[in-house]
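Here the structure is laid out as structure tokens; the discussion comes afterwards.
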Amino acid sequence: MIGIKAIAAYLPQGRVSNFERKDKFAITDEFIEERIGVRQLAVCAPGEGTTALALSAFRALAEAAGLEAGAVQALIVVTQNPDRNMPHVSAELHGRLGLRESCACFDISLGCSGYVYALSVACAFMEANALDAGVLVTADPYSRILDPQDKSTCLLFGDGASATLLDRQPLFRPGRFTFGTIGKDAEHLACNAGKLHMNGRAVFNFAAKYVPLDVAEVLARNDLRAQDIDSFVLHQGSRNIIDTIRARLRLPAEKLRFAAADYGNTVCSSIPIMLADEIRRPEVGTILVSGFGVGFSWSSTVLKRVA
């Protein structure tokens, strides 16, 4: 069965400090550390767009995993901010990398839940078509759609990318998935006239209510209990969201961490950036992943070590 063989993360070198913007937004050190939890944001360099981010992540994966470009049979990119409307980012990335002509390429337009959704899609697609090696890329530079005067968004969102190698000799295999959407509330986190707008209270209430319920559901679907999970890797919306979910699930801090303090909420890349470290820890055998946010959508699954 198809599963995760390796993951590589890429964060651009640019950084914007939230501490240096305290006076501008009338915020305190406590607000930065305890509420949003983001000390600084990773920001793309001028001219470093979605395809460039994706290319850096893919190359990091190829180097780390010894992946030959000619072996890739499927390339799937998750993004909501392509460099241009067409062609799709995966096709542009395919051309930059010189992948085989028989490689399947397509994009998935999803935000914070995108990695988990795409993991299900990619694994099912590869199984259905007898493909042996695929790469799932996430790249969504939100810095290009942020209003620098909007406190609710510009203090939270950072740029980043990831690349996940999927094959038939994996380290981890996903179990059963859960999915959900509350589309009637999607306008609370939306890009209007080229700028991101967020109702922070609505987003918080959504995450605090639905994510604990979904975690319980995905545990039940996989015949597991919370104590069977070694690590909970949740979308890094903010420290306040993570702390609230942890409290409602009654989990110890070491099992559910906020890890985005030095780069920010990287949307669809937040989960794989954390997973890149988690899957290398030999003591971690079972990981619950849950993505939630844009579209007021969510998806979760359990990853089990098999090698």
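Going by the structure tokens order, chains are called A, B, ..., each with residues numbered from 1, while ligands are numbered from 1 in the order shown.
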
Practice problem: Identify, on the basis of only C-alpha atoms, every residue whose closest approach to Leu41 of chain A does not exceed 8 Å; exclude the query and any residue fewer than 6 positions from it along the same chain; express the result as a PyMOL selection string. | Solution: chain A and resi 15-18+155-159+262-264

Quiz item: Mind checking DSSP for segment 202-252 of chain A and telling me the helix (DSSP H, G or I) residues as a ChimeraX atom specification?
Solution: /A:202-221,226-228,239-249

For the residues in the current selection, export C-alpha atoms as a CSV table (one decimal), in the first residue's frame.
chain,number,residue,atom,x,y,z
A,202,ALA,CA,-15.3,33.0,14.1
A,203,VAL,CA,-12.2,31.0,13.0
A,204,PHE,CA,-11.3,30.4,16.7
A,205,ASN,CA,-14.9,29.2,17.5
A,206,PHE,CA,-14.9,26.9,14.5
A,207,ALA,CA,-11.6,25.3,15.4
A,208,ALA,CA,-12.4,25.0,19.1
A,209,LYS,CA,-15.8,23.4,18.5
A,210,TYR,CA,-15.2,21.1,15.5
A,211,VAL,CA,-11.6,19.9,15.8
A,212,PRO,CA,-12.0,18.1,19.1
A,213,LEU,CA,-15.1,16.4,17.8
A,214,ASP,CA,-13.3,15.3,14.6
A,215,VAL,CA,-10.3,14.0,16.6
A,216,ALA,CA,-12.7,11.8,18.5
A,217,GLU,CA,-14.3,10.6,15.2
A,218,VAL,CA,-11.0,9.8,13.5
A,219,LEU,CA,-9.8,7.9,16.6
A,220,ALA,CA,-13.0,5.8,16.5
A,221,ARG,CA,-12.8,5.2,12.8
A,226,ALA,CA,-6.1,9.2,22.5
A,227,GLN,CA,-3.5,7.4,24.7
A,228,ASP,CA,-2.6,5.2,21.6
A,239,ARG,CA,-1.0,29.2,19.8
A,240,ASN,CA,-4.3,30.0,21.3
A,241,ILE,CA,-6.1,27.6,19.0
A,242,ILE,CA,-3.6,24.8,19.7
A,243,ASP,CA,-3.7,25.4,23.5
A,244,THR,CA,-7.5,25.4,23.5
A,245,ILE,CA,-7.8,22.2,21.5
A,246,ARG,CA,-5.2,20.5,23.7
A,247,ALA,CA,-7.2,21.5,26.8
A,248,ARG,CA,-10.4,20.2,25.4
A,249,LEU,CA,-8.8,16.9,24.5

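Across A:Leu288, A:Ile279, A:Ala74, A:Leu11, the tightest approach to Phe232 of chain A is made by A:Leu288 when counting only C-alpha atoms.
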
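Ranking A:Thr286, A:Glu20, A:Ala52, A:Ser152 by their shortest atom-to-atom distance to Arg39 of chain A, with only C-alpha atoms included, puts A:Glu20 first.
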
Self-check item: Contact residues around Val284 of chain A with only C-alpha atoms at 8 Å, ignoring same-chain residues under 4 positions, as a ChimeraX atom specification
Solution: /A:230-231,278-279,305

Self-check item: segment 4-228 of chain A: residues DSSP assigns to strand (DSSP E or B), reported as a PyMOL selection string
Solution: chain A and resi 4-10+14-17+40-43+74-78+104-108+133-139+157+161-167+172-174+178-181+189-192+195-198

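Using only C-alpha atoms, the residues found no farther than 8 Å from segment 2-7 of chain A, other than those of its own chain fewer than 5 positions away, are Leu61, Ala65, Cys123, Met126, Glu127, Asp132, Ser162, Ala163, Thr164, Leu165, Leu166, Asp167, Arg168, Gln169, Pro170, Leu171, Phe172, Arg173, Pro174, Pro272, Leu275 and Ala276 of chain A.
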
Exercise. Mind checking which residues fall within 10 Å of Ile32 of chain A, counting only C-alpha atoms, ignoring those fewer than 2 positions away in the same chain, and posting them as number ranges by chain?
Key: A: 18-19, 22, 27-30, 34-40, 155-156, 239, 261

Exercise. Pick out the residues sitting within 8 Å of segment 196-200 of chain A, and hand them over as number ranges by chain; count only C-alpha atoms, and ignore anything fewer than 4 positions along from it in its own chain.
Key: A: 145-147, 152-153, 188-192, 204

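Here atom CA of Val77 of chain A is placed at a distance of 20.8 Å from atom CA of Thr178 of chain A.
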